[in-house]
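Shown below: work-v7.txt, with compact mmCIF, C-alpha atoms.
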```
# COMPACT_ATOMS: atom_id res chain seq x y z
CA MET A 1 82.52 88.32 91.95
CA THR A 2 83.54 91.78 90.75
CA THR A 3 86.14 91.62 87.99
CA ILE A 4 88.74 94.38 87.81
CA GLY A 5 90.97 95.11 84.85
CA PHE A 6 93.99 96.73 86.48
CA ILE A 7 96.44 98.72 84.35
CA GLY A 8 99.76 99.89 85.79
CA LEU A 9 101.53 97.44 88.10
CA GLY A 10 104.26 99.82 89.25
CA SER A 11 105.65 100.48 92.71
CA MET A 12 102.19 101.47 93.95
CA GLY A 13 99.99 99.71 91.43
CA LEU A 14 101.29 96.20 92.11
CA PRO A 15 100.64 96.22 95.88
CA MET A 16 97.26 97.82 95.25
CA ALA A 17 96.33 95.05 92.81
CA CYS A 18 97.53 92.42 95.28
CA ASN A 19 95.40 93.98 98.03
CA LEU A 20 92.36 93.73 95.76
CA VAL A 21 93.11 90.04 95.18
CA ALA A 22 93.37 89.56 98.95
CA GLY A 23 90.04 91.37 99.29
CA GLY A 24 88.28 88.77 97.16
CA PHE A 25 88.19 90.53 93.79
CA GLU A 26 89.15 88.92 90.52
CA VAL A 27 92.01 91.06 89.22
CA ARG A 28 93.38 90.83 85.70
CA GLY A 29 96.43 93.05 85.58
CA TYR A 30 98.54 94.38 82.76
CA ASP A 31 101.86 96.19 82.76
CA LEU A 32 104.53 96.52 80.10
CA ARG A 33 106.98 94.74 82.42
CA PRO A 34 106.59 90.94 82.39
CA GLU A 35 108.02 90.66 85.91
CA ALA A 36 105.20 92.85 87.26
CA ARG A 37 102.58 90.65 85.62
CA SER A 38 104.28 87.55 87.03
CA ALA A 39 104.30 89.06 90.53
CA LEU A 40 100.55 89.65 90.33
CA ALA A 41 99.99 86.06 89.19
CA LYS A 42 102.02 84.78 92.15
CA ALA A 43 99.73 86.78 94.46
CA GLY A 44 96.65 85.09 93.01
CA GLY A 45 95.74 87.56 90.29
CA ILE A 46 95.64 86.97 86.55
CA ALA A 47 98.45 88.20 84.33
CA ALA A 48 96.80 89.71 81.26
CA ALA A 49 98.55 89.58 77.90
CA SER A 50 97.32 93.04 76.86
CA VAL A 51 95.07 95.91 77.90
CA VAL A 52 92.21 94.36 75.94
CA ASP A 53 92.77 91.05 77.71
CA ALA A 54 92.74 92.79 81.10
CA PHE A 55 89.50 94.61 80.26
CA HIS A 56 87.67 91.59 78.80
CA SER A 57 84.19 91.52 80.45
CA ALA A 58 85.51 93.49 83.43
CA ASP A 59 83.14 95.38 85.72
CA ILE A 60 85.76 98.01 86.55
CA ALA A 61 88.75 99.31 84.62
CA LEU A 62 91.23 100.66 87.17
CA LEU A 63 94.04 102.86 85.85
CA MET A 64 97.12 103.45 88.01
CA VAL A 65 99.22 104.95 85.23
CA VAL A 66 101.77 107.77 85.10
CA ASP A 67 99.70 110.56 83.55
CA ILE A 68 96.67 111.57 81.52
CA ALA A 69 98.40 110.74 78.21
CA GLN A 70 98.89 107.13 79.32
CA ALA A 71 95.28 106.96 80.51
CA GLU A 72 94.01 108.13 77.13
CA ALA A 73 96.30 105.72 75.28
CA VAL A 74 95.09 102.79 77.40
CA LEU A 75 91.42 103.58 77.02
CA PHE A 76 91.19 104.59 73.39
CA SER A 77 93.68 102.33 71.65
CA SER A 78 93.08 98.82 70.32
CA GLY A 79 89.39 98.83 71.20
CA ALA A 80 90.07 98.45 74.92
CA LEU A 81 86.85 100.15 76.03
CA ASP A 82 84.76 97.84 73.88
CA ALA A 83 86.16 94.85 75.79
CA LEU A 84 84.51 95.98 79.04
CA LYS A 85 81.02 95.07 80.20
CA PRO A 86 78.48 97.55 78.82
CA ASP A 87 77.80 99.03 82.28
CA ALA A 88 81.44 99.07 83.41
CA THR A 89 83.04 101.92 85.36
CA ILE A 90 86.40 103.54 84.63
CA LEU A 91 88.26 104.24 87.87
CA LEU A 92 91.12 106.69 87.30
CA MET A 93 93.48 106.66 90.29
CA ALA A 94 96.48 108.40 88.71
CA THR A 95 97.43 112.00 89.49
CA CYS A 96 96.29 114.10 86.52
CA PRO A 97 95.37 117.74 85.77
CA PRO A 98 91.77 118.48 86.83
CA ALA A 99 90.73 120.02 83.52
CA ALA A 100 92.12 117.08 81.54
CA VAL A 101 90.28 114.64 83.81
CA ALA A 102 87.00 116.45 83.18
CA VAL A 103 87.53 116.22 79.41
CA LEU A 104 88.42 112.53 79.66
CA ALA A 105 85.30 111.88 81.73
CA GLU A 106 83.08 113.50 79.11
CA ARG A 107 84.55 111.27 76.44
CA ILE A 108 84.12 108.11 78.54
CA GLU A 109 80.57 108.93 79.62
CA ALA A 110 79.66 109.67 76.01
CA SER A 111 80.71 106.09 75.27
CA GLY A 112 78.20 104.85 77.85
CA TYR A 113 80.54 104.00 80.73
CA GLY A 114 80.64 105.28 84.28
CA PHE A 115 83.60 107.29 85.53
CA VAL A 116 85.10 107.98 88.95
CA ASP A 117 88.08 110.26 89.46
CA ALA A 118 89.91 108.90 92.55
CA PRO A 119 93.59 109.85 92.96
CA VAL A 120 95.45 108.61 96.02
CA SER A 121 97.98 109.77 98.59
CA GLY A 122 100.15 107.68 100.86
CA GLY A 123 102.91 106.44 98.60
CA VAL A 124 104.32 102.95 98.45
CA VAL A 125 103.89 102.47 102.20
CA GLY A 126 100.19 103.30 101.99
CA ALA A 127 99.73 101.14 98.90
CA LYS A 128 101.32 98.11 100.55
CA GLY A 129 99.35 98.56 103.76
CA ALA A 130 95.98 99.27 102.06
CA ALA A 131 96.14 102.55 103.96
CA LEU A 132 95.91 105.07 101.13
CA THR A 133 93.93 108.27 101.36
CA ILE A 134 91.57 108.29 98.38
CA MET A 135 89.96 111.48 97.05
CA ALA A 136 87.04 110.42 94.88
CA ALA A 137 84.65 112.35 92.66
CA GLY A 138 81.78 110.90 90.67
CA ARG A 139 78.03 110.47 90.58
CA GLU A 140 76.78 109.07 93.88
CA GLU A 141 75.20 105.94 92.43
CA ILE A 142 78.40 105.02 90.59
CA PHE A 143 80.57 105.88 93.58
CA GLU A 144 78.54 103.53 95.78
CA THR A 145 79.09 100.62 93.39
CA ILE A 146 82.87 100.97 93.46
CA LEU A 147 83.16 101.89 97.16
CA PRO A 148 84.07 98.31 98.22
CA VAL A 149 87.01 98.47 95.80
CA LEU A 150 88.19 101.77 97.24
CA ARG A 151 87.85 100.50 100.81
CA ALA A 152 90.06 97.52 99.94
CA LEU A 153 92.78 99.99 98.97
CA GLY A 154 92.45 102.87 101.40
CA GLY A 155 92.35 103.64 105.07
CA LYS A 156 90.47 106.84 104.29
CA VAL A 157 88.03 107.23 101.40
CA VAL A 158 86.53 110.69 100.92
CA ARG A 159 84.00 111.60 98.22
CA VAL A 160 84.87 115.21 97.44
CA GLY A 161 82.17 115.84 94.85
CA SER A 162 80.13 114.56 91.95
CA GLU A 163 82.03 116.22 89.10
CA PRO A 164 85.02 114.44 87.54
CA GLY A 165 88.11 116.55 88.11
CA GLN A 166 87.20 117.42 91.69
CA GLY A 167 89.20 114.44 92.93
CA ALA A 168 92.16 115.63 90.87
CA THR A 169 91.74 119.11 92.34
CA ALA A 170 91.84 117.72 95.88
CA LYS A 171 94.99 115.78 94.98
CA ALA A 172 96.61 118.96 93.63
CA VAL A 173 96.04 120.69 96.97
CA ASN A 174 97.46 117.64 98.74
CA GLN A 175 100.53 117.60 96.51
CA LEU A 176 101.12 121.31 97.05
CA LEU A 177 101.57 120.57 100.74
CA CYS A 178 103.60 117.40 100.18
CA GLY A 179 105.99 119.07 97.76
CA THR A 180 106.55 122.21 99.83
CA HIS A 181 106.90 120.19 103.06
CA LEU A 182 109.54 118.05 101.37
CA ALA A 183 111.40 121.07 100.00
CA VAL A 184 111.48 122.89 103.33
CA ALA A 185 112.53 119.71 105.18
CA ALA A 186 115.49 119.44 102.80
CA GLU A 187 116.28 123.11 103.34
CA ALA A 188 116.31 122.69 107.13
CA LEU A 189 118.52 119.60 107.08
CA SER A 190 120.84 121.22 104.56
CA LEU A 191 121.23 124.21 106.87
CA ALA A 192 122.04 121.89 109.76
CA ASP A 193 124.70 120.23 107.63
CA ARG A 194 126.09 123.57 106.46
CA LEU A 195 126.42 124.74 110.07
CA GLY A 196 128.28 121.61 111.08
CA LEU A 197 125.52 119.93 113.06
CA ASP A 198 125.03 116.18 113.11
CA MET A 199 122.21 115.69 110.62
CA ALA A 200 120.95 112.47 112.22
CA ALA A 201 120.74 114.16 115.60
CA MET A 202 118.98 117.16 114.06
CA LEU A 203 116.50 114.89 112.30
CA ASP A 204 115.82 113.16 115.62
CA ILE A 205 115.09 116.54 117.21
CA VAL A 206 112.83 118.04 114.56
CA GLY A 207 111.14 114.72 113.75
CA GLY A 208 109.72 114.59 117.27
CA SER A 209 108.94 118.28 117.76
CA ALA A 210 106.34 120.77 116.61
CA ALA A 211 108.49 121.26 113.49
CA SER A 212 107.74 117.75 112.27
CA SER A 213 105.66 116.63 109.32
CA TRP A 214 104.91 113.26 107.73
CA MET A 215 107.14 114.12 104.79
CA LEU A 216 110.03 115.01 107.11
CA ARG A 217 109.69 111.79 109.10
CA ASP A 218 109.38 109.64 105.98
CA ARG A 219 111.90 111.30 103.64
CA GLY A 220 114.30 112.77 106.20
CA PRO A 221 116.19 109.53 106.90
CA ARG A 222 116.69 108.99 103.16
CA MET A 223 118.08 112.51 102.78
CA LEU A 224 120.95 111.33 104.96
CA GLU A 225 121.73 108.42 102.63
CA ALA A 226 124.08 108.80 99.67
CA THR A 227 122.01 106.60 97.32
CA PRO A 228 118.67 105.74 98.93
CA GLY A 229 116.26 103.26 97.42
CA VAL A 230 113.53 104.83 95.31
CA THR A 231 110.00 104.88 96.67
CA SER A 232 108.87 107.91 94.66
CA ALA A 233 111.00 109.62 92.04
CA VAL A 234 111.98 113.26 91.75
CA ASP A 235 110.19 113.43 88.40
CA ILE A 236 106.90 112.50 90.06
CA PHE A 237 106.99 115.79 91.95
CA VAL A 238 108.11 117.62 88.81
CA LYS A 239 104.86 116.38 87.28
CA ASP A 240 102.64 116.80 90.34
CA LEU A 241 103.79 120.30 91.22
CA GLY A 242 103.41 121.17 87.55
CA ILE A 243 99.76 120.16 87.92
CA VAL A 244 99.53 122.32 91.05
CA MET A 245 100.90 125.32 89.15
CA GLU A 246 98.48 124.68 86.28
CA ALA A 247 95.56 124.61 88.73
CA GLY A 248 96.77 127.85 90.28
CA ARG A 249 97.01 129.57 86.91
CA ALA A 250 93.51 128.42 85.99
CA ALA A 251 92.17 129.87 89.25
CA LYS A 252 94.37 133.00 88.96
CA THR A 253 95.75 132.17 92.40
CA ALA A 254 99.35 132.91 93.36
CA LEU A 255 101.26 129.89 94.67
CA PRO A 256 104.74 131.25 95.42
CA LEU A 257 105.91 128.46 97.75
CA ALA A 258 104.75 125.75 95.38
CA ALA A 259 106.53 127.53 92.54
CA VAL A 260 109.84 127.55 94.42
CA ALA A 261 109.48 123.88 95.35
CA HIS A 262 108.72 123.05 91.70
CA GLN A 263 111.87 124.85 90.58
CA LEU A 264 113.99 122.93 93.08
CA PHE A 265 112.65 119.59 91.85
CA LEU A 266 113.24 120.72 88.27
CA ALA A 267 116.83 121.62 89.14
CA VAL A 268 117.52 118.17 90.56
CA SER A 269 115.82 116.48 87.62
CA GLY A 270 117.79 118.64 85.19
CA SER A 271 121.02 117.49 86.81
CA GLY A 272 120.24 113.93 85.70
CA LEU A 273 118.57 112.70 88.90
CA GLY A 274 114.95 112.65 87.78
CA ALA A 275 114.69 108.93 88.52
CA ALA A 276 116.29 109.27 91.98
CA ASP A 277 114.25 109.14 95.18
CA ASP A 278 112.43 112.43 95.75
CA SER A 279 114.27 112.88 99.06
CA GLN A 280 117.21 113.88 96.88
CA ILE A 281 115.72 117.33 96.47
CA ILE A 282 118.27 118.03 99.20
CA ARG A 283 120.88 117.98 96.43
CA ALA A 284 119.44 121.21 95.04
CA TYR A 285 120.48 123.01 98.23
CA ARG A 286 123.88 121.36 98.31
CA SER A 287 124.45 122.43 94.72
CA LEU A 288 123.47 126.02 95.49
CA TRP A 289 125.79 126.21 98.44
CA ARG A 290 128.68 124.67 96.50
CA GLU A 291 128.26 127.35 93.88
CA ALA A 292 128.16 130.01 96.60
CA GLY A 293 131.40 128.68 98.05
```

Target format structure tokens, applied to this file:
Amino acid sequence: MTTIGFIGLGSMGLPMACNLVAGGFEVRGYDLRPEARSALAKAGGIAAASVVDAFHSADIALLMVVDIAQAEAVLFSSGALDALKPDATILLMATCPPAAVAVLAERIEASGYGFVDAPVSGGVVGAKGAALTIMAAGREEIFETILPVLRALGGKVVRVGSEPGQGATAKAVNQLLCGTHLAVAAEALSLADRLGLDMAAMLDIVGGSAASSWMLRDRGPRMLEATPGVTSAVDIFVKDLGIVMEAGRAAKTALPLAAVAHQLFLAVSGSGLGAADDSQIIRAYRSLWREAG
């Protein structure tokens, strides 16, 4: 049986780990929150006491962490890498800057381990339903060994290249579209509200027309709520669109729409709502119109 050391049992990580357990893998998971570790144990996984404990003799180290800094801290602190099997593979599924992923991969491969860069899209809904879209990059022979793991997590698994960082690049392009779709959906619904239209009726119209998008259909209903539950925070898009802008600068490519969307998310985060659901980008427009009278 393949043993997976899973780090990061958050809103997406926990259901992903549980899906791996259901798929027949031995999963030893670690998260700073004891309740997350307990939830994994209830699903049939093993609650690890530390990162080193999670990685002990594991075939795969799967990281579903917040950013590249957390990934580096997990891998290179407390001898965590040394706890893995000698031929283990590091599977990075967090959204990180492409250049930083490439540097991390060099460091890991120099230590003798395999590496696959495989960020995901689909949010909490996709994580719970094992329906994520996975954008993977890594050497073909290593990719083939971890493909059953990816298929247990995703409805679509695409190998985008052999070089670490290419998966992160594909995710940046994906997040450019997600972030701008979300911003423009908020703009449209805000305009409807400003003009005195029933927002629910307007959402019903555009959600079933050529104007629709997945982000509109998923986030639109929560834009109508005063305090929606959080499935993905505003600060996630602050980070992800920051990565998009970094990729654009590196390629000397203008990304004006992504830049505007990034500024809107920053404005909402700066108002103290960084931990709110990302649908609350609509508050940026409401704030602008309040100031305009």

Could you give me, as a VMD selection string, the residues that have an atom at most 7 Å away from the point (93.2, 122.0, 89.7) in the coordinates of the file, using all atoms listed in the file? chain A and resid 97 to 99 168 to 169 172 244 246 to 248

Kindly save the residues from that selection, with C-alpha atoms included, as a PDB file, in the frame of the given file.
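Generated file (out-v4.pdb):
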```
ATOM      1  CA  PRO A  97      95.370 117.740  85.770  1.00  0.00           C
ATOM      2  CA  PRO A  98      91.770 118.480  86.830  1.00  0.00           C
ATOM      3  CA  ALA A  99      90.730 120.020  83.520  1.00  0.00           C
ATOM      4  CA  ALA A 168      92.160 115.630  90.870  1.00  0.00           C
ATOM      5  CA  THR A 169      91.740 119.110  92.340  1.00  0.00           C
ATOM      6  CA  ALA A 172      96.610 118.960  93.630  1.00  0.00           C
ATOM      7  CA  VAL A 244      99.530 122.320  91.050  1.00  0.00           C
ATOM      8  CA  GLU A 246      98.480 124.680  86.280  1.00  0.00           C
ATOM      9  CA  ALA A 247      95.560 124.610  88.730  1.00  0.00           C
ATOM     10  CA  GLY A 248      96.770 127.850  90.280  1.00  0.00           C
TER      11      GLY A 248
END
```

Using all atoms listed in the file, which protein or nucleic acid residues come within 9 Å of stretch 58-63 of chain A? Drop anything in the same chain fewer than 6 positions from it, and give the result as a list in words. Thr2, Thr3, Ile4, Gly5, Phe6, Ile7, Gly8, Gly13, Arg28, Ala71, Val74, Leu81, Ala83, Leu84, Lys85, Pro86, Asp87, Ala88, Thr89, Ile90, Leu91, Leu92, Met93, Ala94 and Ile146 of chain A

So, counting only C-alpha atoms, which residue among A:Val234, A:Leu132, A:Ala69, A:Leu203 is closest to A:Ser190? A:Leu203

Proximity of stretch 8-125 of chain A to stretch 209-220 of chain A: per-residue shortest pair, 12 Å limit, all atoms listed in the file, as a Markdown table:
```
| residue | atom | partner | partner_atom | distance |
| --- | --- | --- | --- | --- |
| A:Ser121 | CA | A:Met215 | CA | 11.9 |
| A:Gly122 | CA | A:Trp214 | CA | 10.0 |
| A:Gly123 | CA | A:Asp218 | CA | 10.3 |
| A:Val124 | CA | A:Asp218 | CA | 11.3 |
| A:Val125 | CA | A:Asp218 | CA | 9.8 |
```

As an exercise, work out the distance from atom CA of A:Phe143 to atom CA of A:Val116 in Å and give it to one decimal place. 6.8 Å

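One finds atom CA of A:Leu266 at 26.5 Å from atom CA of A:Ala118.
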
Using all atoms listed in the file, which residues sit within 9 Å of A:Ser269 once same-chain residues fewer than 3 positions away are excluded, as JSON, numbers by chain? {"A": [234, 235, 238, 264, 265, 266, 272, 273, 274, 275, 276, 281]}

Those residues with C-alpha atoms, as a compact mmCIF listing (two decimals), keeping the file's coordinate frame please?
```txt
# COMPACT_ATOMS: atom_id res chain seq x y z
CA VAL A 234 111.98 113.26 91.75
CA ASP A 235 110.19 113.43 88.40
CA VAL A 238 108.11 117.62 88.81
CA LEU A 264 113.99 122.93 93.08
CA PHE A 265 112.65 119.59 91.85
CA LEU A 266 113.24 120.72 88.27
CA GLY A 272 120.24 113.93 85.70
CA LEU A 273 118.57 112.70 88.90
CA GLY A 274 114.95 112.65 87.78
CA ALA A 275 114.69 108.93 88.52
CA ALA A 276 116.29 109.27 91.98
CA ILE A 281 115.72 117.33 96.47
```

With distances taken over only C-alpha atoms, which of A:Ala250, A:Ile243, A:Leu40, A:Ala47 is nearest to A:Met16?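 The closest residue to A:Met16 is A:Leu40.
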
Residues proximal to (91.0, 112.6, 83.0) were defined as those with any atom within 8 Å of that point in the file's coordinates, counting only C-alpha atoms. Which are they, as a PDB file with C-alpha atoms, keeping the file's coordinate frame?
```
ATOM      1  CA  ILE A  68      96.670 111.570  81.520  1.00  0.00           C
ATOM      2  CA  ALA A  71      95.280 106.960  80.510  1.00  0.00           C
ATOM      3  CA  GLU A  72      94.010 108.130  77.130  1.00  0.00           C
ATOM      4  CA  LEU A  92      91.120 106.690  87.300  1.00  0.00           C
ATOM      5  CA  CYS A  96      96.290 114.100  86.520  1.00  0.00           C
ATOM      6  CA  PRO A  97      95.370 117.740  85.770  1.00  0.00           C
ATOM      7  CA  PRO A  98      91.770 118.480  86.830  1.00  0.00           C
ATOM      8  CA  ALA A  99      90.730 120.020  83.520  1.00  0.00           C
ATOM      9  CA  ALA A 100      92.120 117.080  81.540  1.00  0.00           C
ATOM     10  CA  VAL A 101      90.280 114.640  83.810  1.00  0.00           C
ATOM     11  CA  ALA A 102      87.000 116.450  83.180  1.00  0.00           C
ATOM     12  CA  VAL A 103      87.530 116.220  79.410  1.00  0.00           C
ATOM     13  CA  LEU A 104      88.420 112.530  79.660  1.00  0.00           C
ATOM     14  CA  ALA A 105      85.300 111.880  81.730  1.00  0.00           C
ATOM     15  CA  ASP A 117      88.080 110.260  89.460  1.00  0.00           C
ATOM     16  CA  PRO A 164      85.020 114.440  87.540  1.00  0.00           C
ATOM     17  CA  GLY A 165      88.110 116.550  88.110  1.00  0.00           C
TER      18      GLY A 165
END
```

When distances are computed from only C-alpha atoms, which of A:Glu141, A:Thr227, A:Ala254, A:Leu75 shows the smallest separation from A:Arg107?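 Residue with the minimum atom-to-atom distance to A:Arg107: A:Leu75.
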
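Taking all atoms listed in the file into account, A:Gly154 lies nearest to A:Leu20 out of the set A:Ala251, A:Cys178, A:Met199, A:Leu20.
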
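Shortest atom-to-atom contact with A:Arg286 among A:Leu241, A:Ala39, A:Ala188, A:Leu255: A:Ala188, counting all atoms listed in the file.
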
Atom pair atom CA of A:Thr180 / atom CA of A:Ala261: separation (Å):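 It comes out at 5.6 Å.
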
Rank A:Val184, A:Gly179, A:Pro119, A:Ala192 by their smallest atom-to-atom distance to A:Val66, using all atoms listed in the file, and report the top residue only.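 Closest to A:Val66, using all atoms listed in the file: A:Pro119.
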